[in-house]
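To keep things clear, I will list the structure first and then write my remarks on it.
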Amino acid sequence: MIERARGLNIATQIILGAGLLTLLVPLYLTFVAATQTLPEVNRVPPTFLPGTHLFDNLAEAWVRSNFGQKFVNTMILATGVVVGKITVAAITAFGIVFFQHRFRMLIFWLIFITLMLPLEVRIVPTYSVAANALSPFQQILDVVGLTWLLEALTGMRVALEWNLLNSYTGLILPLVATATGTFLYRQFFMTIPDELVEAAQMDGAGPLRFLWEVLIPLSRTNIAALATIMFVYSWNQYLWPLLIITDPNYGVVAVELGQLVPDSNTTGGGIPHWNLAMAGTLIVMVPPVLVVIFMQRWFVRGLINTDK
Amino acid sequence: MADINIRRVEKSYGDTRVVHGVDLDIRDGEFVVILGPSGCGKSTLLRMIAGLEAISGGEIAIGGRVVNDLEPRQRGCAMVFQNYALYPHMSVAENIGYALKIAGIGKAERRARVQSVATAIGLEDYLDRRPGQLSGGQRQRVAMGRAMIREPKVFLFDEPLSNLDAKLRVQMRLEIRHLHQRLAATSVFVTHDQIEAMTLADRMVVMNQGNIEQVGAPSDVYDRPASTFVASFIGSPPMNLLPGRMTESGQHVELADGQHVPIPTALAQGRAGRPVTLGIRPEDIRHGPAAGGSGLTAKFDFLEELGMGRLFHGTLGGQDIIMHATDKTPPVFGTAVDIAFDPSRLHLFDVETGKRLAGESGRADKEQWSGYRATA
C-alpha cells in the first residue's frame with residue numbers, strides 16, 4: 001500500500017507485531033515446557049523461562065513413544081499421499097482441461113463438490129470400505145444376482161475380500177483423491193495457451209507425451225506448492241490412522257503424540273507429563289518445518305503462478 | 001507432390017456457419033496467401049488444413065490423399081503460429097528438434113539437423129538459450145526452424161508476423177520469401193495485412209464472411225477486384241466507391257450531384273439507365289480538367305503528405321473521396337477544383353450484389369493514360 005501517513009504506518013506495524021506474537025507464544029510455551037523437569041512444569045505459578053532438561057526430555061519422549069518406527073510409518077504415509085495426490089490430480093485436471101467431452105463440466109463439479117465432503121464427514125462409510133475394499137463390488141454382484149447364479153451353478157459362493165485395516169495401503173489410499181490439487185492444476189493448465197497445445201500436436205506429440213514432456217515440466221512450481229501443502233497435511237493426519245490402525249507397528253506420529261498428552265488413560269490420573277508431551281511435539285514438528293523451509297521458494301512461486 | 005485440394009469445405013460451430021463451402025486448389029510449391037478481415041474464416045480454413053479443427057463438410061486432400069480423418073501429425077504439414085508457441089522450458093535446440101525426438105530419430109542425426117536448420121535461420125549461437133531470453137524476431141525464427149526441420153510437404157503460417165514491430169515484419173517477410181524460394185514447399189499463409197499478402201503471394205485468396213471473394217495473382221486482384229468488398233479491402237487508401245447511374249446513352253455515369261463521368265463504351269454493356277457503383281483508385285485521379293472537357297470537380301478539405309505523393313481528402317457527389325496526387329499542384333481547399341479520372345482505370349460494380357460488372361482492361365492501358373494526361 002502506498003500511504004505516507006506516519007500514524008498509519010505505526011499502527012500497521014503494531015498489528016503485525018501482535019500477530020507475530022500471537023503465533024509465536026504457543027511455540028515458545030511448547031519449547032519452555034519441553035526444557036523443564038516434571039516438577040518444574042507442574043509448578044504453580046508456572047515459570048516462563050527455559051529449564052535445562054531439553055535433551056533429556058527429547059530422548060525420553062523419543063524412546064517412550066517408539067518414534068523411530070512411527071517416523072518411518074508417517075514418512076511412508078506422507079510420501080505415498082503426496083505422490084498419489086500429485087499424480088491423480090495432474091491426470092484428472094489434464095482430462096478435464098484438454099479433452100473436449102460432454103461430461104467434463106459435470107465431472108469437474110462432481111470433483112469440486114467433494115471439497116464439501118472431507119474425510120471426517122464420510123469416515124464411517126470409508127471405514128467400512130477399508131475393512132473390505134471389494135465390498136462395493138460384492139454388493140453389485142449380489143444385487144445383480146451373479147452371486148446366486150454362480151452358487152447355483154458351481155456350488156461355490158463368491159466372497160470378495162480385501163482388508164485394508166492395519167496396512168500402509170489403507171492409510172494412504174483414502175487420502176489420495178484431492179479436489180484442491182485438481183483445482184490447482186486445472187487453474188494452471190487453463191493458462192497454457194491453446195497454440196502451445198496445437199504446436200505439440202503439429203510436432204506429433206500424443207496426449208500422454210504432451211502431459212509428460214510439456215505440461216509436467218511446466219508445472220514444476222505447482223507441483224512443489226501442492227507437495228508442500230499435502231506433505232504437511234498428511235504428516236498431521238490423526239483421525240484416519242487412529243481409526244484404522246490398531247497394530248502399533250503401523251502407528252503414525254500424530255496419533256502417538258496424542259498418547260503422550262496426559263489424560264486419565266495414559267497416566268491413570270497421575271501427574272501429567274507435559275514436559276514429555278511438549279518435547280514430543282517439538283520432535284514431530286521438525287519434518288514439516290524443514291519441508292516448508294526448503295520448498296518455500298518454489299512454494300510461493302507456485303501459488304502466485306508467475307513462472308511461465 | 002503436395003498440392004492441396006479443398007472441395008466445398010464447410011465449418012460450423014453448432015448452428016453458426018463460419019466457412020460456407022469453400023473451393024480452392026493450391027498447386028505444389030505455390031505460395032498462397034489467404035487474406036481477409038478478422039472473423040472471415042481464414043484462420044479456421046488454415047486450421048482445417050492443419051487438422052487442428054474438424055471439417056464439418058466437404059473434403060481436403062493433400063498430395064492427392066483425403067486428410068479429413070487424419071491426425072495433424074499424419075498430414076505432413078508444419079505450422080508457424082502467431083504467438084510463436086515455443087515450449088518455454090526447452091532450449092532453442094530442443095524446441096527445434098522436438099518433432100524429430102518424437103519421430104524417434106537418433107541423437108546424433110538430430111543434433112546435425114538442428115545445427116543445419118539453426119544455421120539457415122541464423123541462430124546457431126543461441127541454441128542453448130531458452131525462448132524467454134530471445135527477442136520477438138528470434139522467437140519467430142525458432143518457430144520457423146521448428147517447422148523447417150521436419151522438411152514438411154506443406155508450410156502453414158497463421159499470421160506469423162503480426163506480433164513483430166514494423167521493421168522486423170518487413171525483414172521477416174523477406175526471409176519467409178527466401179525460405180520459400182529455397183525449399184519450394186507448398187505454403188499457405190494467413191494474414192489480415194494486405195501488404196504482406198501482396199508481397200508474399202504467388203496467388204492470393206481474399207475471404208469475407210466465410211466465403212472466397214476472389215482468387216488471383218496480387219496484381220490481378222488489385223487491378224481487377226471482383227467485388228466492392230475486395231475493392232475497398234485491398235489498397236491503401238482503399239478504392240473510392242461512388243454511387244451513380246448509367247446514363248441512357250451508356251457513355252457516362254451520373255453521380256449523385258449530377259456530374260457526369262465519361263466511361264469507355266465497352267463498360268456500358270446494356271446497363272443504360274441502371275444504377276451502378278463506380279470505383280476509382282486514389283492514384284487514378286488527377287488534378288486538372290479532363291481532355292474531353294467533362295469538367296469533373298471535387299472539393300478538398302485537407303491533405304496528407306506522404307513524401308512520394310500527397311493524399312487529398314475531399315468530397316465528390318456527396319461522397320468522401322481520396323486522391324493520391326504525385327504532381328506538385330498547389331493545394332486549393334474549400335472550393336471546387338477540377339479533377340480527372342483515368343477512364344481506362346474505372347471499375348463498375350453491381351449495386352445489389354457488389355460484384356464487378358466490367359472495366360479496367362489491363363496494364364497496357366496505362367500508356368493511354370499518360371497520353372491522356374499530356375493533353376490535359
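Following the order of the C-alpha cells, chains are lettered A, B, ..., residues in each are numbered from 1, and ligands are numbered from 1.
The protein and nucleic acid residues lying at most 10 Å from B:Thr315 are Thr297, Ala298, Lys299, Phe300, Asp301, Asp320, Ile321, Ile322 and Ala336 of chain B, with only C-alpha atoms considered and sequence neighbours fewer than 5 positions away removed.
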With C-alpha atoms retained, write the just-selected residues as a PDB file, in the first residue's frame.
ATOM      1  CA  THR B 297     -14.998  18.954 -59.890  1.00  0.00           C
ATOM      2  CA  ALA B 298     -14.406  17.946 -56.286  1.00  0.00           C
ATOM      3  CA  LYS B 299     -13.966  19.904 -53.105  1.00  0.00           C
ATOM      4  CA  PHE B 300     -10.965  19.065 -50.953  1.00  0.00           C
ATOM      5  CA  ASP B 301     -10.644  19.739 -47.233  1.00  0.00           C
ATOM      6  CA  ASP B 320     -15.897  11.140 -49.377  1.00  0.00           C
ATOM      7  CA  ILE B 321     -13.083  10.643 -51.849  1.00  0.00           C
ATOM      8  CA  ILE B 322      -9.336  10.408 -51.645  1.00  0.00           C
ATOM      9  CA  ALA B 336     -14.430  23.158 -56.226  1.00  0.00           C
TER      10      ALA B 336
END
Could you make a table, as a tab-separated table, of the residues of chain A that have an atom within 10 Å of an atom of chain B, each with its nearest atom pair and distance in Å to one decimal, counting only C-alpha atoms, in chain and number order?
residue	atom	partner	partner_atom	distance
A:Pro193	CA	B:Ala85	CA	7.8
A:Asp194	CA	B:Ala85	CA	8.6
A:Glu195	CA	B:Ala85	CA	5.5
A:Leu196	CA	B:Ala85	CA	4.8
A:Val197	CA	B:Ala85	CA	8.4
A:Glu198	CA	B:Leu52	CA	6.9
A:Ala199	CA	B:Ala85	CA	6.3
A:Ala200	CA	B:Ala99	CA	8.3
A:Gln201	CA	B:Pro72	CA	6.4
A:Met202	CA	B:Arg73	CA	5.4
A:Asp203	CA	B:Ala99	CA	4.6
A:Gly204	CA	B:Arg73	CA	4.6
A:Ala205	CA	B:Ile102	CA	6.4
A:Gly206	CA	B:Ile102	CA	9.1
A:Arg209	CA	B:Ile102	CA	8.7
A:Glu213	CA	B:His89	CA	9.6
A:Val214	CA	B:Tyr87	CA	7.2
A:Leu215	CA	B:His89	CA	9.7
A:Pro217	CA	B:His89	CA	7.0
A:Leu218	CA	B:His89	CA	6.5
A:Lys308	CA	B:Pro88	CA	7.2
